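Containing PDB, C-alpha atoms, pLDDT in the B column: coords_25.pdb.
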```pdb
ATOM      1  CA  MET G   1      59.268  61.424  72.245  1.00 79.00           C
ATOM      2  CA  LEU G   2      59.079  64.480  70.000  1.00 86.00           C
ATOM      3  CA  ALA G   3      56.339  66.163  72.014  1.00 85.00           C
ATOM      4  CA  GLU G   4      58.123  65.466  75.284  1.00 85.00           C
ATOM      5  CA  SER G   5      61.254  67.104  73.888  1.00 87.00           C
ATOM      6  CA  GLY G   6      59.315  70.237  72.953  1.00 86.00           C
ATOM      7  CA  GLN G   7      58.846  69.480  69.259  1.00 91.00           C
ATOM      8  CA  ILE G   8      55.062  69.529  69.462  1.00 92.00           C
ATOM      9  CA  ASP G   9      54.442  70.806  65.928  1.00 92.00           C
ATOM     10  CA  GLU G  10      56.488  67.953  64.460  1.00 94.00           C
ATOM     11  CA  ALA G  11      54.773  65.447  66.752  1.00 95.00           C
ATOM     12  CA  LEU G  12      51.377  66.746  65.643  1.00 96.00           C
ATOM     13  CA  SER G  13      52.287  66.485  61.983  1.00 96.00           C
ATOM     14  CA  LEU G  14      53.443  62.892  62.338  1.00 97.00           C
ATOM     15  CA  ALA G  15      50.486  61.964  64.535  1.00 97.00           C
ATOM     16  CA  HIS G  16      48.015  63.311  61.982  1.00 97.00           C
ATOM     17  CA  ALA G  17      49.654  61.178  59.280  1.00 98.00           C
ATOM     18  CA  LEU G  18      49.616  58.153  61.583  1.00 98.00           C
ATOM     19  CA  LEU G  19      45.948  58.722  62.391  1.00 98.00           C
ATOM     20  CA  GLN G  20      45.020  58.646  58.719  1.00 98.00           C
ATOM     21  CA  ASP G  21      46.779  55.302  58.321  1.00 98.00           C
ATOM     22  CA  GLN G  22      45.189  53.916  61.472  1.00 98.00           C
ATOM     23  CA  LEU G  23      41.722  54.977  60.374  1.00 98.00           C
ATOM     24  CA  ARG G  24      42.251  53.299  57.013  1.00 98.00           C
ATOM     25  CA  VAL G  25      43.841  50.077  58.310  1.00 98.00           C
ATOM     26  CA  LEU G  26      42.552  49.612  61.872  1.00 98.00           C
ATOM     27  CA  GLY G  27      39.325  51.593  61.821  1.00 98.00           C
ATOM     28  CA  THR G  28      37.837  54.225  64.078  1.00 97.00           C
ATOM     29  CA  ASP G  29      37.206  51.946  67.046  1.00 97.00           C
ATOM     30  CA  HIS G  30      40.660  50.395  67.426  1.00 98.00           C
ATOM     31  CA  PRO G  31      42.372  51.243  70.740  1.00 97.00           C
ATOM     32  CA  ALA G  32      45.522  52.418  68.931  1.00 98.00           C
ATOM     33  CA  THR G  33      43.434  54.847  66.891  1.00 98.00           C
ATOM     34  CA  LEU G  34      41.882  56.188  70.085  1.00 98.00           C
ATOM     35  CA  THR G  35      45.334  56.629  71.630  1.00 98.00           C
ATOM     36  CA  THR G  36      46.559  58.611  68.637  1.00 98.00           C
ATOM     37  CA  ARG G  37      43.471  60.817  68.796  1.00 98.00           C
ATOM     38  CA  SER G  38      44.185  61.411  72.482  1.00 98.00           C
ATOM     39  CA  ASN G  39      47.797  62.348  71.785  1.00 97.00           C
ATOM     40  CA  ILE G  40      46.745  64.801  69.091  1.00 98.00           C
ATOM     41  CA  ALA G  41      44.163  66.462  71.347  1.00 98.00           C
ATOM     42  CA  VAL G  42      46.579  66.818  74.255  1.00 96.00           C
ATOM     43  CA  TRP G  43      49.366  68.119  72.041  1.00 96.00           C
ATOM     44  CA  LEU G  44      47.012  70.663  70.489  1.00 96.00           C
ATOM     45  CA  ALA G  45      46.199  71.928  73.965  1.00 95.00           C
ATOM     46  CA  GLN G  46      49.893  72.027  74.885  1.00 92.00           C
ATOM     47  CA  SER G  47      50.698  73.958  71.726  1.00 94.00           C
ATOM     48  CA  GLY G  48      48.318  76.763  72.700  1.00 93.00           C
ATOM     49  CA  GLN G  49      45.280  75.498  70.809  1.00 95.00           C
ATOM     50  CA  MET G  50      43.444  74.766  74.038  1.00 95.00           C
ATOM     51  CA  SER G  51      39.907  75.163  72.679  1.00 95.00           C
ATOM     52  CA  GLU G  52      40.572  72.824  69.743  1.00 97.00           C
ATOM     53  CA  GLY G  53      42.229  70.295  72.029  1.00 97.00           C
ATOM     54  CA  LEU G  54      39.243  70.431  74.375  1.00 97.00           C
ATOM     55  CA  SER G  55      36.827  69.969  71.496  1.00 97.00           C
ATOM     56  CA  GLN G  56      38.696  66.887  70.302  1.00 98.00           C
ATOM     57  CA  LEU G  57      38.897  65.474  73.824  1.00 98.00           C
ATOM     58  CA  LYS G  58      35.124  65.836  74.228  1.00 98.00           C
ATOM     59  CA  SER G  59      34.571  63.890  71.014  1.00 98.00           C
ATOM     60  CA  LEU G  60      37.151  61.295  71.979  1.00 98.00           C
ATOM     61  CA  ILE G  61      35.716  60.576  75.426  1.00 98.00           C
ATOM     62  CA  GLN G  62      32.361  59.664  73.923  1.00 98.00           C
ATOM     63  CA  ASP G  63      34.032  57.077  71.710  1.00 98.00           C
ATOM     64  CA  GLN G  64      36.228  55.791  74.538  1.00 98.00           C
ATOM     65  CA  ALA G  65      33.245  55.333  76.844  1.00 98.00           C
ATOM     66  CA  ARG G  66      31.380  53.448  74.124  1.00 97.00           C
ATOM     67  CA  ILE G  67      34.318  51.242  73.102  1.00 97.00           C
ATOM     68  CA  LEU G  68      36.406  50.861  76.247  1.00 97.00           C
ATOM     69  CA  GLY G  69      33.831  51.629  78.917  1.00 97.00           C
ATOM     70  CA  PRO G  70      33.382  54.614  81.217  1.00 97.00           C
ATOM     71  CA  ASP G  71      35.729  53.248  83.894  1.00 98.00           C
ATOM     72  CA  HIS G  72      38.622  52.308  81.589  1.00 98.00           C
ATOM     73  CA  PRO G  73      41.889  54.052  82.529  1.00 98.00           C
ATOM     74  CA  ASP G  74      42.115  55.738  79.103  1.00 98.00           C
ATOM     75  CA  THR G  75      38.581  57.113  79.427  1.00 98.00           C
ATOM     76  CA  LEU G  76      39.325  58.380  82.923  1.00 98.00           C
ATOM     77  CA  GLY G  77      42.585  59.933  81.710  1.00 98.00           C
ATOM     78  CA  THR G  78      40.720  61.763  78.981  1.00 98.00           C
ATOM     79  CA  GLN G  79      38.267  63.091  81.568  1.00 98.00           C
ATOM     80  CA  ASN G  80      41.233  64.428  83.541  1.00 98.00           C
ATOM     81  CA  ASP G  81      42.580  66.083  80.384  1.00 97.00           C
ATOM     82  CA  ILE G  82      39.149  67.639  79.743  1.00 98.00           C
ATOM     83  CA  ASN G  83      39.025  68.965  83.296  1.00 97.00           C
ATOM     84  CA  PHE G  84      42.510  70.441  82.928  1.00 95.00           C
ATOM     85  CA  CYS G  85      41.612  72.187  79.662  1.00 96.00           C
ATOM     86  CA  ARG G  86      38.382  73.522  81.117  1.00 96.00           C
ATOM     87  CA  ASP G  87      40.289  74.879  84.127  1.00 95.00           C
ATOM     88  CA  GLN G  88      42.857  76.540  81.866  1.00 93.00           C
ATOM     89  CA  LEU G  89      40.105  78.145  79.818  1.00 92.00           C
ATOM     90  CA  GLY G  90      38.297  79.349  82.947  1.00 92.00           C
ATOM     91  CA  TYR G  91      35.193  77.227  82.429  1.00 86.00           C
ATOM     92  CA  GLN G  92      33.071  76.348  85.423  1.00 64.00           C
TER      93      GLN G  92
END
```
I'd like the structure from this file rewritten - as structure tokens, please.
Amino acid sequence: MLAESGQIDEALSLAHALLQDQLRVLGTDHPATLTTRSNIAVWLAQSGQMSEGLSQLKSLIQDQARILGPDHPDTLGTQNDINFCRDQLGYQ
């Protein structure tokens, strides 16, 4: 809700704290952990840190494909986010 209301910096701060807890309690491969990583990457891109967001999305999609499968909706959504970032950065 914070990011959608324009408070991306606050959303990022809270998401980073949440991610640390998820990594500790749920582990790296838990779907909730993957979702938080996705949110962070997208919000970084939205906050003007497009290259960092793209880098995190590229790392995330590898884990999603391994854990969820290449045709899972979350994996496909991440691919769309990657394509958007690449377009915004002028990559071919």
Next item on the list: Kindly indicate which residue among G:Asn39, G:Gln46, G:Gln22, G:Thr33 lies nearest to G:Gln88, using all atoms listed in the file for the distances.
Entry: G:Gln46
Item checked: Option closest in space to G:Trp43, from G:Leu23, G:Leu18, G:Ala3, G:Ala65 [counting all atoms listed in the file] -> G:Ala3
Notebook entry, point to check: In Å, with one decimal, what is the gap from atom CA of G:Thr35 to atom CA of G:Gly90?
Noted result: 26.3 Å
Checklist line | Residue among G:Thr28, G:Met1, G:Asp81, G:Pro73 lying closest to G:Ala45, counting all atoms listed in the file | finding: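 Closest to G:Ala45, using all atoms listed in the file: G:Asp81.
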Notebook entry, point to check: Any idea what's packed within 12 Å of G:Met50, counting all atoms listed in the file, ignoring anything in its chain fewer than 4 positions away? Could you give it as a ChimeraX atom specification?
Noted result: /G:40-46,54-57,81-90
Around stretch 31-50 of chain G, fit a box with edges along x, y and z, padding it by 8 Å on each side, then list its centre and edge lengths in Å to one decimal as lines of an AutoDock Vina configuration file.
```
center_x = 46.3
center_y = 64.0
center_z = 70.9
size_x = 24.8
size_y = 41.5
size_z = 24.0
```
Margin query: Taking all atoms listed in the file into account, name the residue in G:Leu26, G:Pro31, G:Gln20, G:Ser38 that is nearest to G:Gly69.
Written below: G:Pro31
Check: On this structure, which residues satisfy the PyMOL selection byres ((chain G and resi 2) around 12), written as an MDAnalysis selection string?
Finding: chainID G and resid 1 3:15 39 43
Note to self: Can you measure atom CA of G:Gly53 to atom CA of G:Ala17 for me? One decimal in Å is fine.
What the structure shows: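 Going from atom CA of G:Gly53 over to atom CA of G:Ala17, I get 17.3 Å.
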Next item on the list: Work out how far atom CA of G:Leu68 is from atom CA of G:Tyr91, in Å to one decimal.
Entry: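 Computed distance, atom CA of G:Tyr91 to atom CA of G:Leu68, equals 27.1 Å.
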Notebook entry, point to check: G:Ile61: which residues within 8 Å, counting only C-alpha atoms, same-chain residues fewer than 5 positions away excluded, as a PyMOL selection string?
Noted result: chain G and resi 75+78-79
Notebook entry, point to check: With only C-alpha atoms as the atoms that count, which of G:Leu34, G:His16, G:Asn80, G:Ser47 lies nearest to G:Gln62?
Noted result: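 Counting only C-alpha atoms, the residue closest to G:Gln62 is G:Leu34.
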